[in-house]
$ cat input-v7.cif   # mmCIF, C-alpha atoms
data_work
#
loop_
_atom_site.label_atom_id
_atom_site.label_comp_id
_atom_site.auth_asym_id
_atom_site.auth_seq_id
_atom_site.Cartn_x
_atom_site.Cartn_y
_atom_site.Cartn_z
CA MET N 57 0.00 0.00 0.00
CA ALA N 58 3.05 2.30 0.19
CA SER N 59 2.99 3.68 -3.39
CA HIS N 60 0.40 6.40 -3.82
CA THR N 61 -1.14 8.02 -6.85
CA LYS N 62 -0.60 11.76 -7.04
CA ARG N 63 -3.86 13.59 -6.40
CA ARG N 64 -4.77 16.09 -9.15
CA ILE N 65 -7.79 17.58 -7.41
CA HIS N 66 -6.75 21.21 -7.86
CA GLU N 67 -5.54 20.95 -11.46
CA PRO N 68 -7.66 22.13 -14.39
CA GLY N 69 -10.15 19.49 -15.53
CA HIS N 70 -10.14 17.71 -12.16
CA LYS N 71 -12.57 17.79 -9.27
CA ARG N 72 -12.28 16.32 -5.79
CA LYS N 73 -14.40 13.22 -5.13
CA PHE N 74 -15.70 11.98 -1.83
CA LEU N 75 -15.72 8.17 -2.08
CA VAL N 76 -18.32 6.16 -0.15
CA ILE N 77 -18.76 2.40 -0.07
CA ALA N 78 -22.41 1.83 -0.98
CA ASP N 79 -24.04 -1.15 0.69
CA GLU N 80 -27.14 -2.08 2.64
CA THR N 81 -25.79 -1.38 6.13
CA ALA N 82 -27.48 1.20 8.33
CA GLU N 83 -24.27 3.17 8.76
CA CYS N 84 -23.82 3.58 5.01
CA GLU N 85 -26.64 6.09 4.92
CA GLN N 86 -24.84 8.41 7.35
CA ALA N 87 -21.63 8.14 5.32
CA ILE N 88 -23.46 9.01 2.09
CA TYR N 89 -25.22 11.98 3.71
CA PHE N 90 -21.93 13.31 5.08
CA ALA N 91 -20.09 12.84 1.78
CA ALA N 92 -22.94 14.38 -0.21
CA PHE N 93 -23.27 17.44 2.03
CA ARG N 94 -19.47 17.97 2.05
CA ALA N 95 -19.27 17.49 -1.71
CA ARG N 96 -22.09 19.97 -2.30
CA ASN N 97 -20.61 22.52 0.10
CA THR N 98 -17.10 22.30 -1.37
CA GLY N 99 -17.93 22.06 -5.08
CA SER N 100 -16.82 18.44 -5.18
CA SER N 101 -18.51 15.28 -6.44
CA LEU N 102 -19.63 12.02 -4.86
CA ALA N 103 -18.45 8.58 -5.93
CA MET N 104 -20.36 5.56 -4.63
CA LEU N 105 -18.55 2.22 -4.85
CA TYR N 106 -20.43 -1.08 -4.64
CA VAL N 107 -18.12 -4.08 -4.31
CA ILE N 108 -19.22 -7.56 -5.33
CA GLU N 109 -17.17 -9.91 -3.22
CA PRO N 110 -16.54 -13.46 -4.49
CA VAL N 111 -18.55 -16.28 -2.97
CA GLU N 112 -16.68 -18.62 -0.65
CA PHE N 113 -17.76 -21.79 -2.43
CA GLN N 114 -16.73 -21.59 -6.09
CA HIS N 115 -16.67 -25.18 -7.36
CA TRP N 116 -19.07 -24.36 -10.18
CA SER N 117 -18.60 -21.37 -12.43
CA SER N 118 -22.37 -21.20 -12.96
CA VAL N 119 -22.82 -20.48 -9.22
CA GLU N 120 -20.33 -17.62 -9.47
CA ALA N 121 -22.05 -16.26 -12.60
CA VAL N 122 -25.47 -16.28 -10.90
CA HIS N 123 -23.97 -14.61 -7.82
CA GLN N 124 -22.40 -11.91 -10.02
CA GLN N 125 -25.70 -11.21 -11.82
CA GLU N 126 -27.65 -11.05 -8.55
CA GLN N 127 -25.12 -8.68 -7.04
CA GLU N 128 -25.14 -6.43 -10.13
CA ARG N 129 -28.94 -6.14 -9.83
CA LYS N 130 -28.57 -5.44 -6.11
CA SER N 131 -25.97 -2.72 -6.79
CA ALA N 132 -28.38 -0.97 -9.17
CA ALA N 133 -31.11 -1.08 -6.51
CA VAL N 134 -28.75 0.27 -3.82
CA PHE N 135 -27.68 3.14 -6.10
CA ARG N 136 -31.33 3.98 -6.92
CA LEU N 137 -32.22 3.99 -3.22
CA TYR N 138 -29.43 6.37 -2.26
CA GLN N 139 -30.02 8.64 -5.26
CA ARG N 140 -33.69 8.92 -4.22
CA LYS N 141 -32.65 9.79 -0.66
CA LEU N 142 -30.26 12.46 -1.94
CA ASP N 143 -32.99 13.88 -4.17
CA GLN N 144 -35.36 14.04 -1.17
CA LEU N 145 -32.73 16.06 0.71
CA GLY N 146 -32.52 18.55 -2.14
CA ILE N 147 -29.08 17.41 -3.26
CA GLU N 148 -30.24 16.39 -6.73
CA ASP N 149 -27.78 18.65 -8.57
CA LEU N 150 -24.73 16.88 -7.11
CA GLU N 151 -22.53 15.00 -9.56
CA VAL N 152 -22.72 11.34 -8.48
CA GLU N 153 -20.61 8.55 -9.96
CA GLN N 154 -21.76 4.95 -9.47
CA ILE N 155 -19.00 2.35 -9.59
CA VAL N 156 -19.31 -1.43 -9.37
CA ARG N 157 -16.22 -3.57 -8.90
CA SER N 158 -15.68 -7.24 -8.14
CA GLY N 159 -13.13 -8.58 -5.67
CA LYS N 160 -12.12 -8.36 -2.03
CA ILE N 161 -13.49 -5.07 -0.73
CA GLU N 162 -10.23 -3.82 0.81
CA ASP N 163 -8.36 -4.48 -2.44
CA GLU N 164 -11.04 -2.79 -4.54
CA VAL N 165 -11.12 0.32 -2.34
CA ILE N 166 -7.33 0.71 -2.52
CA GLY N 167 -7.32 -0.12 -6.24
CA LEU N 168 -9.94 2.50 -7.06
CA ILE N 169 -8.24 5.18 -4.98
CA ASN N 170 -4.91 4.44 -6.66
CA GLU N 171 -6.51 4.52 -10.13
CA ASP N 172 -8.63 7.66 -9.67
CA GLU N 173 -6.44 10.66 -8.94
CA ASP N 174 -9.52 12.76 -8.10
CA VAL N 175 -10.51 10.77 -4.99
CA GLY N 176 -9.70 13.08 -2.10
CA PHE N 177 -11.45 11.39 0.81
CA LEU N 178 -12.90 8.02 1.76
CA VAL N 179 -16.02 8.37 3.91
CA LEU N 180 -17.26 5.45 6.01
CA GLY N 181 -20.02 5.11 8.55
CA ALA N 182 -19.35 3.50 11.90
CA SER N 183 -21.86 0.92 13.04
CA THR N 184 -23.56 1.33 16.39
CA SER N 185 -23.68 -2.46 16.76
CA GLN N 186 -22.12 -4.18 19.74
CA GLN N 187 -20.04 -6.24 17.29
CA GLY N 188 -17.96 -3.15 16.57
CA PRO N 189 -17.78 -0.29 14.10
CA GLY N 190 -17.66 -2.46 10.97
CA ARG N 191 -15.19 -4.38 8.84
CA LEU N 192 -13.73 -1.46 6.89
CA VAL N 193 -13.54 0.86 9.90
CA ASN N 194 -11.68 -1.88 11.78
CA TRP N 195 -9.34 -2.40 8.83
CA LEU N 196 -8.59 1.30 8.54
CA GLY N 197 -8.05 1.59 12.28
CA THR N 198 -5.50 -1.21 12.31
CA ALA N 199 -3.76 -2.65 9.27
CA ALA N 200 -4.18 0.27 6.86
CA ALA N 201 -4.10 3.26 9.23
CA GLY N 202 -0.63 4.63 8.63
CA GLN N 203 -0.37 3.65 4.96
CA PHE N 204 -3.71 4.71 3.52
CA PRO N 205 -3.39 6.83 0.33
CA VAL N 206 -6.02 9.49 1.20
CA PRO N 207 -7.57 10.86 4.39
CA TYR N 208 -10.63 9.02 5.60
CA VAL N 209 -13.60 10.18 7.61
CA VAL N 210 -15.55 7.88 9.90
CA VAL N 211 -19.07 9.16 10.52
CA PRO N 212 -20.66 8.00 13.78
CA GLY N 213 -23.70 5.86 13.03
CA ALA N 214 -25.81 7.58 15.67
CA LEU N 215 -25.75 11.00 13.97
CA SER N 216 -28.99 12.22 12.42
CA LYS N 217 -29.24 13.85 8.96
CA ASP N 218 -29.63 17.22 10.69
CA ASP N 219 -26.53 16.62 12.81
CA ILE N 220 -24.56 15.63 9.73
CA GLU N 221 -25.72 18.63 7.69
CA ALA N 222 -24.82 20.97 10.57
CA LEU N 223 -21.28 19.52 10.61
CA CYS N 224 -20.77 19.95 6.89
#
$ encode --input "input-v7.cif" --output "structure tokens"
Amino acid sequence: MASHTKRRIHEPGHKRKFLVIADETAECEQAIYFAAFRARNTGSSLAMLYVIEPVEFQHWSSVEAVHQQEQERKSAAVFRLYQRKLDQLGIEDLEVEQIVRSGKIEDEVIGLINEDEDVGFLVLGASTSQQGPGRLVNWLGTAAAGQFPVPYVVVPGALSKDDIEALC
């Protein structure tokens, strides 16, 4: 993780992106609200990444193909849901990029950030569950913390939309 892509956010033709991992967790909504409000308030854009992780049991390629198709349909539904929520908040004029990648989520997050020189921040929501803040928050807090290629923001899962908008 040591080599980093140069960020070109302030160069002509480039625009900072706030990257959010789009999924069906409760804390994702807070992360998307935060990233959208910050992007709107700073003239940036929002990138939502949905990662299709491989199934554990892959003895038949047809099982993997069905899994891939189901997850692609699910990603479209997740993107529609969050776009509707942003529209309801009056953030419909925000430039939103929807990205679907397949692989291990940690690898895909790092890969996208290293490929897209306009990603300026990763925004994650922290779960309020007793099991902990979530897989990616744990990963960033331990293994990746000192080597991550861009700053990351962890939004507390207990914040309301109003709290988040007031912070942005």
$ closest_residue --input "input-v7.cif" --among "N:Thr98, N:Arg63, N:Lys160, N:Ala87" --to "Ser183 in chain N" --atoms "all atoms listed in the file"
N:Ala87
$ atom_distance --input "input-v7.cif" --atom1 "CA of Ala103 in chain N" --atom2 "CA of Ala222 in chain N"
21.6 Å
$ atom_distance --input "input-v7.cif" --atom1 "CA of Tyr208 in chain N" --atom2 "CA of Ser100 in chain N"
15.6 Å
$ residues_around --input "input-v7.cif" --residues "Asn97 in chain N" --least-positions-apart "2" --cutoff "12 Å" --atoms "only C-alpha atoms" --output "list of chain:residue names"
N:Arg72, N:Phe74, N:Phe90, N:Ala91, N:Ala92, N:Phe93, N:Arg94, N:Ala95, N:Gly99, N:Ser100, N:Ser101, N:Leu102, N:Ile147, N:Asp149, N:Leu150, N:Glu221, N:Ala222, N:Leu223, N:Cys224
$ closest_residue --input "input-v7.cif" --among "N:Gln127, N:Gln139, N:Thr61, N:Gln144" --to "Val206 in chain N" --atoms "only C-alpha atoms"
N:Thr61
$ residues_near_point --input "input-v7.cif" --point "(-10.5, 18.9, -13.3)" --cutoff "12 Å" --atoms "all atoms listed in the file" --output "MDAnalysis selection string"
chainID N and resid 63:73 99:101 172:175
$ residues_around --input "input-v7.cif" --residues "Glu162 in chain N" --least-positions-apart "5" --cutoff "9 Å" --atoms "only C-alpha atoms" --output "PyMOL selection string"
chain N and resi 167+192+195
$ atom_distance --input "input-v7.cif" --atom1 "CA of Ser158 in chain N" --atom2 "CA of Glu126 in chain N"
12.6 Å
$ closest_residue --input "input-v7.cif" --among "N:Val119, N:Pro207, N:Ile77, N:Leu178" --to "Gln154 in chain N" --atoms "all atoms listed in the file"
N:Ile77
$ resolve_selection --input "input-v7.cif" --expression "the PyMOL selection byres ((chain N and resi 159) around 10)" --output "PyMOL selection string"
chain N and resi 107-111+157-158+160-165
$ closest_residue --input "input-v7.cif" --among "N:Gly146, N:Gly190, N:Gly213, N:Pro205" --to "Arg96 in chain N" --atoms "all atoms listed in the file"
N:Gly146
